[in-house]
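Novice: I'm passing along entry_25.cif; it holds mmCIF, C-alpha atoms and all ligand atoms.
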data_entry
loop_
_atom_site.label_atom_id
_atom_site.label_comp_id
_atom_site.auth_asym_id
_atom_site.auth_seq_id
_atom_site.Cartn_x
_atom_site.Cartn_y
_atom_site.Cartn_z
CA MET A 1 32.60 33.99 13.89
CA SER A 2 34.12 35.57 10.81
CA ASP A 3 33.84 39.10 9.43
CA ARG A 4 32.58 39.54 5.92
CA ILE A 5 35.41 38.97 3.52
CA ALA A 6 36.15 41.79 1.06
CA PRO A 7 36.52 41.08 -2.66
CA ARG A 8 39.81 41.64 -4.43
CA ASP A 9 41.12 45.19 -3.83
CA ASP A 10 40.98 46.01 -7.53
CA LEU A 11 37.27 45.12 -7.68
CA THR A 12 35.99 47.28 -4.82
CA ALA A 13 35.74 50.44 -6.93
CA LEU A 14 34.03 48.63 -9.81
CA GLU A 15 30.32 49.06 -10.43
CA GLY A 16 28.13 46.43 -12.04
CA TYR A 17 26.76 46.85 -15.56
CA HIS A 18 23.23 48.21 -15.47
CA SER A 19 20.63 48.91 -18.09
CA PRO A 20 17.30 49.71 -16.44
CA GLN A 21 14.55 47.23 -17.32
CA LEU A 22 11.34 49.20 -16.81
CA ASP A 23 7.85 48.01 -17.51
CA VAL A 24 6.81 50.27 -20.39
CA SER A 25 4.92 49.60 -23.60
CA VAL A 26 7.68 50.62 -26.04
CA ARG A 27 11.09 49.18 -25.12
CA LEU A 28 13.82 50.55 -27.34
CA ASN A 29 16.75 50.47 -24.94
CA THR A 30 18.72 47.22 -25.35
CA ASN A 31 19.21 46.81 -29.10
CA GLU A 32 17.41 43.49 -29.33
CA SER A 33 15.40 42.47 -32.36
CA PRO A 34 11.81 43.73 -32.09
CA PHE A 35 10.66 40.45 -33.66
CA PRO A 36 10.53 36.99 -32.09
CA PRO A 37 12.24 34.21 -34.09
CA PRO A 38 10.47 33.30 -37.36
CA PRO A 39 7.45 30.98 -37.23
CA GLY A 40 8.74 27.46 -37.57
CA PHE A 41 12.00 28.07 -35.72
CA VAL A 42 10.76 27.00 -32.28
CA ASP A 43 9.11 23.83 -33.63
CA ALA A 44 12.19 22.87 -35.62
CA TRP A 45 14.46 23.54 -32.63
CA LEU A 46 12.32 21.54 -30.19
CA GLU A 47 12.16 18.67 -32.65
CA GLU A 48 15.96 18.56 -32.74
CA LEU A 49 16.12 18.79 -28.97
CA GLY A 50 13.72 15.84 -28.67
CA THR A 51 16.32 13.54 -30.20
CA VAL A 52 19.13 14.43 -27.77
CA PRO A 53 20.26 12.16 -24.89
CA LEU A 54 19.87 14.72 -22.10
CA HIS A 55 21.71 12.58 -19.54
CA ARG A 56 24.94 13.07 -21.50
CA TYR A 57 27.11 16.18 -21.53
CA PRO A 58 26.83 18.29 -24.69
CA ASP A 59 29.50 18.24 -27.39
CA ARG A 60 32.26 20.08 -25.61
CA SER A 61 33.70 21.68 -28.70
CA ALA A 62 30.32 22.39 -30.33
CA ARG A 63 31.47 20.87 -33.62
CA GLY A 64 28.08 20.90 -35.33
CA LEU A 65 27.48 24.53 -34.45
CA ARG A 66 30.97 25.62 -35.46
CA SER A 67 30.66 23.97 -38.86
CA ALA A 68 27.23 25.47 -39.45
CA ILE A 69 28.44 28.96 -38.51
CA GLY A 70 31.64 28.55 -40.50
CA GLU A 71 29.68 27.54 -43.57
CA SER A 72 27.26 30.44 -43.20
CA ILE A 73 30.04 33.04 -43.21
CA GLY A 74 32.56 31.33 -45.47
CA GLN A 75 35.10 30.57 -42.72
CA PRO A 76 36.66 27.21 -41.78
CA PRO A 77 35.23 25.78 -38.49
CA PRO A 78 38.64 25.72 -36.72
CA ARG A 79 38.46 29.55 -36.80
CA VAL A 80 35.13 29.60 -34.94
CA PHE A 81 34.72 29.70 -31.14
CA CYS A 82 31.23 29.81 -29.58
CA ALA A 83 30.08 30.85 -26.12
CA ASN A 84 27.13 32.08 -24.06
CA GLY A 85 26.64 35.41 -25.75
CA SER A 86 29.46 37.43 -27.25
CA ASN A 87 30.07 38.76 -23.74
CA GLU A 88 31.37 35.33 -22.75
CA VAL A 89 33.52 35.31 -25.88
CA LEU A 90 34.99 38.67 -24.80
CA GLN A 91 35.54 37.41 -21.26
CA THR A 92 37.32 34.30 -22.53
CA LEU A 93 39.52 36.43 -24.78
CA LEU A 94 40.44 38.64 -21.83
CA LEU A 95 41.08 35.66 -19.55
CA SER A 96 43.42 34.23 -22.18
CA TYR A 97 45.20 37.34 -23.43
CA GLY A 98 44.67 39.94 -20.68
CA GLY A 99 45.39 39.68 -16.95
CA THR A 100 47.77 41.21 -14.47
CA GLY A 101 50.58 43.19 -16.06
CA ARG A 102 48.81 43.32 -19.43
CA ARG A 103 46.99 46.18 -21.16
CA ALA A 104 43.88 46.59 -23.28
CA LEU A 105 43.29 49.72 -25.36
CA VAL A 106 39.73 50.98 -25.90
CA PHE A 107 38.47 54.05 -27.74
CA GLU A 108 35.79 55.84 -25.74
CA PRO A 109 32.89 56.32 -25.93
CA THR A 110 32.37 52.63 -26.65
CA TYR A 111 30.78 49.44 -25.30
CA ALA A 112 31.26 49.58 -21.52
CA LEU A 113 31.79 45.84 -21.16
CA HIS A 114 35.15 45.94 -22.96
CA SER A 115 36.81 47.90 -20.16
CA HIS A 116 34.58 46.37 -17.47
CA ILE A 117 35.56 42.77 -18.28
CA ALA A 118 39.16 43.87 -18.79
CA ARG A 119 39.25 45.27 -15.25
CA ILE A 120 37.60 42.17 -13.79
CA THR A 121 40.36 40.09 -15.32
CA GLY A 122 43.02 42.39 -13.84
CA THR A 123 43.91 43.89 -17.22
CA GLU A 124 44.98 47.54 -17.22
CA VAL A 125 42.72 49.65 -19.43
CA ILE A 126 44.27 52.32 -21.66
CA VAL A 127 41.65 54.81 -22.80
CA GLY A 128 41.98 56.42 -26.20
CA SER A 129 39.36 58.77 -27.58
CA ARG A 130 37.41 59.02 -30.80
CA ARG A 131 37.22 61.91 -33.25
CA ASP A 132 34.25 64.29 -33.08
CA ASP A 133 32.47 62.11 -35.65
CA PHE A 134 33.11 59.12 -33.31
CA GLY A 135 35.42 57.37 -35.79
CA VAL A 136 38.75 55.95 -34.61
CA ASP A 137 41.62 57.96 -36.07
CA PRO A 138 44.28 55.52 -37.37
CA ASP A 139 47.18 57.93 -36.74
CA SER A 140 46.32 58.70 -33.13
CA ALA A 141 45.55 55.00 -32.56
CA ARG A 142 48.98 54.11 -33.90
CA ALA A 143 50.64 56.63 -31.58
CA LEU A 144 48.83 55.21 -28.54
CA ILE A 145 49.72 51.66 -29.53
CA GLU A 146 53.39 52.60 -29.90
CA GLN A 147 53.36 54.30 -26.52
CA HIS A 148 51.55 51.61 -24.50
CA GLN A 149 52.17 48.38 -26.45
CA PRO A 150 48.79 46.91 -25.46
CA GLU A 151 48.34 43.14 -25.65
CA ILE A 152 44.74 43.78 -26.80
CA VAL A 153 43.19 46.56 -28.89
CA PHE A 154 39.40 46.76 -28.94
CA LEU A 155 37.48 48.15 -31.85
CA CYS A 156 33.70 48.07 -32.02
CA SER A 157 32.12 48.34 -35.44
CA PRO A 158 29.37 49.45 -35.59
CA ASN A 159 30.30 51.09 -32.31
CA ASN A 160 27.90 50.95 -29.39
CA PRO A 161 26.56 53.52 -28.49
CA THR A 162 27.44 55.75 -31.44
CA GLY A 163 26.68 53.46 -34.43
CA THR A 164 29.94 54.44 -36.15
CA VAL A 165 31.44 51.93 -38.60
CA ASP A 166 35.22 51.59 -38.85
CA PRO A 167 36.26 51.05 -42.48
CA PRO A 168 38.43 47.92 -43.09
CA ALA A 169 41.33 50.29 -43.87
CA THR A 170 41.25 51.55 -40.25
CA VAL A 171 41.20 47.98 -38.94
CA ALA A 172 44.09 47.06 -41.23
CA ALA A 173 46.16 50.08 -40.10
CA ILE A 174 45.61 49.24 -36.43
CA LEU A 175 46.37 45.58 -37.05
CA ASP A 176 49.61 46.64 -38.67
CA ALA A 177 50.63 48.70 -35.64
CA ALA A 178 49.40 46.43 -32.83
CA PRO A 179 51.85 44.10 -31.08
CA GLY A 180 49.04 41.80 -29.87
CA LEU A 181 45.42 40.92 -30.58
CA VAL A 182 43.01 43.26 -32.32
CA ILE A 183 39.43 42.42 -31.39
CA VAL A 184 36.70 43.90 -33.57
CA ASP A 185 33.35 43.60 -31.81
CA GLU A 186 30.78 43.22 -34.59
CA ALA A 187 27.72 42.53 -32.44
CA TYR A 188 25.84 44.73 -34.96
CA GLY A 189 27.91 43.74 -37.99
CA GLU A 190 24.99 42.38 -40.04
CA PHE A 191 23.38 45.84 -40.16
CA ALA A 192 26.48 47.50 -41.63
CA ARG A 193 27.89 47.51 -45.14
CA GLU A 194 31.49 46.95 -44.06
CA SER A 195 32.96 44.17 -41.93
CA ALA A 196 36.38 43.02 -40.81
CA LEU A 197 35.41 39.34 -41.20
CA ASP A 198 37.21 39.01 -44.52
CA LEU A 199 40.46 40.20 -42.94
CA VAL A 200 40.60 37.20 -40.57
CA ASP A 201 43.15 34.60 -41.60
CA ASP A 202 45.32 31.94 -39.96
CA ASP A 203 48.30 34.23 -39.38
CA ARG A 204 46.92 37.65 -38.42
CA ALA A 205 46.15 38.35 -34.74
CA LEU A 206 42.66 39.53 -35.61
CA VAL A 207 39.47 38.40 -33.86
CA VAL A 208 35.96 39.38 -34.96
CA THR A 209 33.09 38.76 -32.51
CA ARG A 210 29.42 38.34 -33.45
CA THR A 211 26.19 37.49 -31.67
CA TYR A 212 22.84 35.75 -32.12
CA SER A 213 21.24 38.29 -29.76
CA LYS A 214 20.37 40.91 -32.38
CA VAL A 215 19.70 39.81 -35.96
CA TRP A 216 18.93 36.22 -34.99
CA SER A 217 16.28 37.23 -32.41
CA LEU A 218 17.77 34.91 -29.79
CA ALA A 219 18.91 37.25 -27.00
CA ALA A 220 17.18 35.05 -24.42
CA LEU A 221 19.26 32.01 -25.34
CA ARG A 222 22.71 33.62 -25.05
CA LEU A 223 24.82 32.66 -28.04
CA GLY A 224 27.77 34.47 -29.53
CA PHE A 225 30.93 33.52 -31.39
CA CYS A 226 34.19 34.81 -32.70
CA VAL A 227 36.15 34.21 -35.84
CA ALA A 228 39.88 34.02 -35.11
CA PRO A 229 43.03 32.17 -36.18
CA PRO A 230 42.95 28.54 -34.95
CA TRP A 231 45.85 29.19 -32.55
CA VAL A 232 43.69 31.78 -30.76
CA VAL A 233 40.68 29.43 -30.72
CA ALA A 234 42.88 26.72 -29.13
CA GLU A 235 43.80 29.10 -26.27
CA LEU A 236 40.16 30.06 -25.71
CA GLU A 237 39.19 26.40 -25.49
CA LYS A 238 41.79 25.86 -22.77
CA VAL A 239 40.39 28.65 -20.65
CA VAL A 240 36.62 28.33 -21.00
CA LEU A 241 34.74 26.03 -18.59
CA PRO A 242 34.14 22.51 -19.88
CA TYR A 243 30.65 22.03 -21.36
CA HIS A 244 29.89 25.73 -20.96
CA LEU A 245 27.58 25.79 -23.99
CA ASP A 246 24.50 23.69 -23.38
CA VAL A 247 22.95 21.48 -26.00
CA SER A 248 19.78 23.54 -26.42
CA THR A 249 21.84 26.62 -27.26
CA GLN A 250 24.03 24.70 -29.69
CA LEU A 251 20.97 23.32 -31.46
CA ALA A 252 19.25 26.69 -31.53
CA GLY A 253 22.31 28.17 -33.22
CA ILE A 254 22.33 25.48 -35.91
CA THR A 255 18.57 25.58 -36.43
CA ALA A 256 18.46 29.38 -36.70
CA LEU A 257 20.78 29.28 -39.70
CA ARG A 258 18.07 27.42 -41.65
CA PHE A 259 16.02 30.65 -41.46
CA ARG A 260 18.56 32.83 -43.14
CA ALA A 261 16.22 34.22 -45.80
CA GLU A 262 13.79 35.46 -43.11
CA MET A 263 16.65 37.00 -41.18
CA GLU A 264 17.95 38.81 -44.22
CA ALA A 265 14.51 40.22 -44.90
CA ARG A 266 14.42 41.51 -41.31
CA ILE A 267 17.82 43.13 -41.63
CA ALA A 268 16.58 44.94 -44.74
CA LEU A 269 13.44 46.04 -42.93
CA LEU A 270 15.31 47.29 -39.86
CA VAL A 271 17.84 49.15 -42.00
CA GLU A 272 14.94 50.80 -43.84
CA GLU A 273 13.33 51.77 -40.52
CA ARG A 274 16.67 53.06 -39.25
CA GLU A 275 16.92 55.34 -42.26
CA ARG A 276 13.33 56.53 -41.76
CA LEU A 277 14.11 57.31 -38.10
CA PHE A 278 17.36 59.01 -39.07
CA ALA A 279 15.60 61.28 -41.57
CA ALA A 280 12.86 62.14 -39.07
CA LEU A 281 15.32 62.92 -36.26
CA ASP A 282 17.50 64.90 -38.61
CA GLU A 283 14.58 67.23 -39.35
CA LEU A 284 13.89 68.03 -35.71
CA ASP A 285 15.06 71.33 -34.29
CA GLY A 286 17.18 70.81 -31.22
CA VAL A 287 18.23 67.27 -32.20
CA THR A 288 21.50 66.09 -33.76
CA VAL A 289 21.46 62.50 -34.97
CA PHE A 290 24.64 60.58 -35.81
CA PRO A 291 25.02 58.23 -38.82
CA SER A 292 24.70 54.59 -37.78
CA GLY A 293 25.47 51.21 -39.32
CA ALA A 294 23.66 49.39 -36.51
CA ASN A 295 20.08 48.72 -35.39
CA PHE A 296 20.11 51.82 -33.20
CA LEU A 297 20.68 55.56 -33.49
CA LEU A 298 22.41 57.96 -31.12
CA PHE A 299 21.04 61.49 -30.95
CA ARG A 300 21.87 64.61 -28.96
CA VAL A 301 19.21 66.95 -27.64
CA SER A 302 20.10 70.61 -27.36
CA THR A 303 16.71 71.81 -26.22
CA GLY A 304 13.93 70.50 -24.00
CA PRO A 305 13.26 70.26 -20.26
CA GLY A 306 15.87 69.94 -17.53
CA GLY A 307 18.24 72.86 -18.27
CA GLU A 308 21.82 71.62 -18.04
CA ASP A 309 20.64 68.03 -17.48
CA ARG A 310 18.33 68.12 -20.50
CA GLY A 311 19.33 64.76 -21.99
CA HIS A 312 18.29 62.99 -18.82
CA ALA A 313 15.13 65.09 -18.49
CA VAL A 314 14.09 64.16 -22.04
CA TRP A 315 14.76 60.49 -21.20
CA GLU A 316 12.51 60.78 -18.13
CA ALA A 317 9.78 62.53 -20.10
CA MET A 318 9.95 59.70 -22.67
CA VAL A 319 9.55 57.09 -19.91
CA GLU A 320 6.49 58.98 -18.65
CA ARG A 321 5.06 58.56 -22.14
CA GLY A 322 5.74 54.81 -22.07
CA VAL A 323 8.83 54.89 -24.30
CA LEU A 324 12.12 53.54 -22.94
CA VAL A 325 15.34 54.50 -24.73
CA ARG A 326 18.88 54.29 -23.35
CA ASP A 327 20.15 57.27 -21.41
CA PHE A 328 23.77 58.15 -22.22
CA SER A 329 23.34 61.80 -21.29
CA ARG A 330 25.82 61.71 -18.42
CA TRP A 331 28.48 59.69 -20.23
CA PRO A 332 31.71 61.48 -21.12
CA GLY A 333 31.86 62.22 -24.85
CA VAL A 334 28.13 61.66 -25.45
CA GLU A 335 26.69 64.27 -23.10
CA ASP A 336 22.98 64.97 -23.68
CA CYS A 337 22.75 61.91 -25.92
CA LEU A 338 20.10 59.19 -25.97
CA ARG A 339 20.19 55.97 -27.93
CA VAL A 340 17.12 54.50 -29.55
CA THR A 341 16.95 50.90 -30.77
CA VAL A 342 15.18 50.49 -34.12
CA GLY A 343 11.91 48.73 -33.30
CA THR A 344 8.85 47.82 -35.31
CA ALA A 345 7.42 50.58 -37.51
CA ALA A 346 4.69 51.20 -34.90
CA GLU A 347 7.21 51.44 -32.05
CA ASN A 348 9.40 53.82 -34.02
CA THR A 349 6.43 56.02 -34.80
CA ALA A 350 5.43 56.03 -31.11
CA PHE A 351 8.98 57.02 -30.19
CA LEU A 352 9.05 59.86 -32.72
CA SER A 353 5.73 61.27 -31.66
CA ALA A 354 6.68 61.17 -27.94
CA LEU A 355 9.95 62.96 -28.68
CA LYS A 356 8.25 65.57 -30.87
CA ASP A 357 5.66 66.24 -28.14
CA ILE A 358 8.35 66.73 -25.51
CA LEU A 359 10.38 69.08 -27.67
CA ARG A 360 7.29 71.03 -28.77
CA GLU A 361 6.28 71.56 -25.16
CA HIS A 362 9.68 73.11 -24.67
CA GLY A 363 9.53 75.54 -27.51
CA ALA A 364 11.15 73.69 -30.43
CA ARG A 365 9.32 73.61 -33.76
N1 LIG B 1 29.07 43.75 -27.97
C1 LIG B 1 28.34 44.84 -28.11
C2 LIG B 1 28.93 46.02 -28.82
C3 LIG B 1 27.04 44.91 -27.59
O1 LIG B 1 26.33 46.03 -27.71
C4 LIG B 1 26.51 43.78 -26.94
C5 LIG B 1 25.11 43.76 -26.39
N2 LIG B 1 24.71 44.84 -25.69
C6 LIG B 1 27.33 42.66 -26.79
C7 LIG B 1 28.60 42.67 -27.34
C8 LIG B 1 26.90 41.46 -26.04
O2 LIG B 1 25.95 40.75 -26.64
P1 LIG B 1 25.60 39.27 -26.24
O3 LIG B 1 26.39 38.89 -25.02
O4 LIG B 1 24.14 39.27 -26.03
O5 LIG B 1 26.03 38.46 -27.43
#
Have the structure of the file written as structure tokens, please.

Specialist:
Amino acid sequence: MSDRIAPRDDLTALEGYHSPQLDVSVRLNTNESPFPPPPGFVDAWLEELGTVPLHRYPDRSARGLRSAIGESIGQPPPRVFCANGSNEVLQTLLLSYGGTGRRALVFEPTYALHSHIARITGTEVIVGSRRDDFGVDPDSARALIEQHQPEIVFLCSPNNPTGTVDPPATVAAILDAAPGLVIVDEAYGEFARESALDLVDDDRALVVTRTYSKVWSLAALRLGFCVAPPWVVAELEKVVLPYHLDVSTQLAGITALRFRAEMEARIALLVEERERLFAALDELDGVTVFPSGANFLLFRVSTGPGGEDRGHAVWEAMVERGVLVRDFSRWPGVEDCLRVTVGTAAENTAFLSALKDILREHGAR
């Protein structure tokens, strides 16, 4: 008889990544697209899939998908690496360039998975902080980089959960100072005006990650990619499991790109809705909303139920009204803040009216 075996010592203190999935009518908590893929996509994808010999392994290096993505963003295919969601891209980057004795620098508050995956891979996490406007300050970033010499620096632009966009000049300054890889997570890049994609070249240690989960309405299929120098892509290919990306995902990624015009129209619509939500939140007493280049908005509540724990109390009151947003109210740096994903116009209106009701009940105008 054996006792239960414990996991690695460095994993025992780690908690899993959780985002509550509640059964409510308005779900604005996980930054997905509110729209299913365009009509025609599923038929076109299934038609492609019908021609595939399913008894054979898929193309291990996803050549067709890499060329299609490369062409769509003006990058050569050897700079493209694809995986099951951008989370798997991040994990592969950390497996290749992080690990025991190595360091990754993050600027909090930011996407929790950067430090979570870093820790899982045994990488030490160095935590820098953001300015009050949630931007990364190039001078303090440079000082931290000089002090800790991290093998990896994570930026996230637009940043989750704050929506803040780092201008290319900030990325360039950090790239200049960093001794190792700079990874810019652009999961929401299509919603922003500025991107670091054009800074990627064959010599710079810059990686930009993107996903099909948001703009491309394919969160259920799990597809993400990065654009990086070919020498980085070669290392990622060594580390990732063989045949990790199944044929249906590869074909979905290629087929989706045929619907670019529809996707661009959706981006425009969601950006318009984001601005409508921003203006409406900005007018509310007791609410501070932060500028966002993403398909979500972070806002702080300074009035409402719950006393000291008012952010969480407002979140609960929203759930009672059938509206689920993401609760960041107990996170350091974003206390009393909630994050709302931009949904359809009707969902956004339902969100606004629930929030207004809650605040009105608690004395705000
Ligand atoms: N990066 C950021 C900043 C995200 O917010 C998300 C999704 N929550 C991801 C990466 C992961 O996306 P996926 O694995 O679905 O591509």

Novice: Sorted by chain and rising residue number, list the residues of chain A at most 9 Å from ligand LIG 1 (chain B) (counting all atoms listed in the file), each with its closest atom pair and distance in Å to one decimal, as a tab-separated table.

Specialist:
residue	atom	partner	partner_atom	distance
A:Thr30	CA	B:LIG1	N2	6.5
A:Asn31	CA	B:LIG1	N2	6.8
A:Glu32	CA	B:LIG1	C5	8.2
A:Ala83	CA	B:LIG1	O5	8.7
A:Asn84	CA	B:LIG1	O3	6.9
A:Gly85	CA	B:LIG1	O5	3.5
A:Ser86	CA	B:LIG1	O5	3.6
A:Asn87	CA	B:LIG1	O3	3.9
A:Glu88	CA	B:LIG1	O3	6.5
A:Val89	CA	B:LIG1	O3	8.0
A:Leu90	CA	B:LIG1	C7	8.0
A:Thr110	CA	B:LIG1	C2	7.8
A:Tyr111	CA	B:LIG1	C2	5.2
A:Ala112	CA	B:LIG1	C2	8.4
A:Leu113	CA	B:LIG1	N1	7.6
A:His114	CA	B:LIG1	N1	8.2
A:Cys156	CA	B:LIG1	C2	6.1
A:Ser157	CA	B:LIG1	C2	7.7
A:Pro158	CA	B:LIG1	C2	7.6
A:Asn159	CA	B:LIG1	C2	6.3
A:Asn160	CA	B:LIG1	C2	5.1
A:Pro161	CA	B:LIG1	O1	7.5
A:Asp185	CA	B:LIG1	N1	5.8
A:Glu186	CA	B:LIG1	C2	6.7
A:Ala187	CA	B:LIG1	N1	4.8
A:Tyr188	CA	B:LIG1	C2	7.0
A:Thr209	CA	B:LIG1	N1	7.9
A:Arg210	CA	B:LIG1	O5	6.9
A:Thr211	CA	B:LIG1	O5	4.4
A:Tyr212	CA	B:LIG1	O5	6.3
A:Ser213	CA	B:LIG1	O4	4.8
A:Lys214	CA	B:LIG1	O4	7.6
A:Leu218	CA	B:LIG1	O4	8.6
A:Ala219	CA	B:LIG1	O4	5.7
A:Ala220	CA	B:LIG1	O4	8.3
A:Leu221	CA	B:LIG1	O4	8.8
A:Arg222	CA	B:LIG1	O4	5.9
A:Leu223	CA	B:LIG1	O5	6.0
A:Gly224	CA	B:LIG1	O5	4.8
A:Phe225	CA	B:LIG1	O5	8.0

Novice: Give me the residues near Glu237 of chain A as a list of chain:residue names, where near means some atom within 8 Å (using all atoms listed in the file) and where sequence neighbours in that chain fewer than 3 positions away do not count.

Specialist: A:Ser61, A:Phe81, A:Val233, A:Ala234, A:Val240

Novice: Could you check how far atom CA of Ala261 of chain A sits from atom CA of Phe191 of chain A, in Å to one decimal?

Specialist: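 Separation between atom CA of Ala261 of chain A and atom CA of Phe191 of chain A: 14.8 Å.
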
Novice: For segment 225-336 of chain A against segment 353-356 of chain A, with a cut-off of 8 Å and counting all atoms listed in the file, what is the closest atom pair and its distance in Å to one decimal for every residue that makes the cut, ordered by chain and number, as CSV?

Specialist:
residue,atom,partner,partner_atom,distance
A:Leu284,CA,A:Lys356,CA,7.8
A:Val314,CA,A:Leu355,CA,7.9
A:Met318,CA,A:Ala354,CA,6.4
A:Arg321,CA,A:Ala354,CA,6.6
A:Val323,CA,A:Ala354,CA,7.6

Novice: What's around segment 9-17 of chain A at 10 Å? Count only C-alpha atoms, leave out sequence neighbours fewer than 5 positions away in its own chain, and write the answer as a PDB file with C-alpha atoms, in the frame of the given file.

Specialist:
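The file below, selection_19.pdb, is the result:
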ATOM      1  CA  ALA A 112      31.260  49.580 -21.520  1.00  0.00           C
ATOM      2  CA  LEU A 113      31.790  45.840 -21.160  1.00  0.00           C
ATOM      3  CA  HIS A 116      34.580  46.370 -17.470  1.00  0.00           C
ATOM      4  CA  ARG A 119      39.250  45.270 -15.250  1.00  0.00           C
ATOM      5  CA  ILE A 120      37.600  42.170 -13.790  1.00  0.00           C
ATOM      6  CA  THR A 121      40.360  40.090 -15.320  1.00  0.00           C
ATOM      7  CA  GLY A 122      43.020  42.390 -13.840  1.00  0.00           C
TER       8      GLY A 122
END

Novice: Could you pull the residues within 12 Å of Arg56 of chain A, counting only C-alpha atoms, minus those fewer than 2 positions along the same chain, as a VMD selection string?

Specialist: chain A and resid 52 to 54 58 to 60 243 246 to 247

Novice: Could you check which of A:Ser129, A:Gln250, A:Ser25, A:Ser292 is closest to Ala346 of chain A, using all atoms listed in the file?

Specialist: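 Under the stated criterion, the closest residue is A:Ser25.
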
Novice: Do a neighbour search on Asp132 of chain A at 12 Å with all atoms listed in the file, toss out local chain neighbours closer than 6 positions, and write the hits as a PyMOL selection string.

Specialist: chain A and resi 108-109+162+164+290+333-334

Novice: Identify the residues within 12 Å of coordinate (15.6, 59.1, -37.3) (same frame as the file), considering only C-alpha atoms, and give the answer as a ChimeraX atom specification.

Specialist: /A:271-284,287-292,295-300,339-343,345,348-349,351-353,355-356

Novice: Find the residue from A:Ile145, A:Ile69, A:Val325, A:Val171 that sits nearest to His312 of chain A; use all atoms listed in the file when measuring.

Specialist: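 Under the stated criterion, the closest residue is A:Val325.
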
Novice: Between A:Pro332, A:Gly307, A:Asp201, A:Arg260, which has the minimum distance to Ser72 of chain A (counting all atoms listed in the file)?

Specialist: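 Among the listed residues, the smallest separation from Ser72 of chain A belongs to A:Arg260.
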
Novice: Kindly indicate which residue among A:Val319, A:Ala196, A:Val182, A:Ala350 lies nearest to Leu22 of chain A, using only C-alpha atoms for the distances.

Specialist: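 Looking only at the distances to Leu22 of chain A, the closest residue turns out to be A:Val319.
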
Novice: In Å, with one decimal, what is the gap from atom CA of Ala178 of chain A to atom CA of His148 of chain A?

Specialist: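 If I compute the distance from atom CA of Ala178 of chain A to atom CA of His148 of chain A, I get 10.0 Å.
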
Novice: Residues within 9 Å of Trp45 of chain A, please, as a ChimeraX atom specification. Count all atoms listed in the file; anything in the same chain fewer than 6 positions from it doesn't count.

Specialist: /A:248,251-252,254-256

Novice: Select, from A:Gln75, A:Ser329, A:Ser195, A:Thr92, the residue with the minimum atom-to-atom distance to Ile117 of chain A, counting only C-alpha atoms.

Specialist: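 Of A:Gln75, A:Ser329, A:Ser195, A:Thr92, the one nearest Ile117 of chain A is A:Thr92, counting only C-alpha atoms.
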
Novice: Calculate how many Å separate atom CA of Val80 of chain A from atom CA of Arg66 of chain A, rounding to one decimal.

Specialist: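 The value is 5.8 Å.
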
Novice: Could you give me, as a PyMOL selection string, the residues that have an atom at most 8 Å away from the point (38.8, 30.5, -35.6) in the coordinates of the file, using all atoms listed in the file?

Specialist: chain A and resi 76-81+202+226-233

Novice: Using only C-alpha atoms, which of the listed residues (A:Leu338, A:Leu155, A:Leu49, A:Val24) sits closest to Pro168 of chain A?

Specialist: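 Once distances to Pro168 of chain A are computed over only C-alpha atoms, the minimum belongs to A:Leu155.
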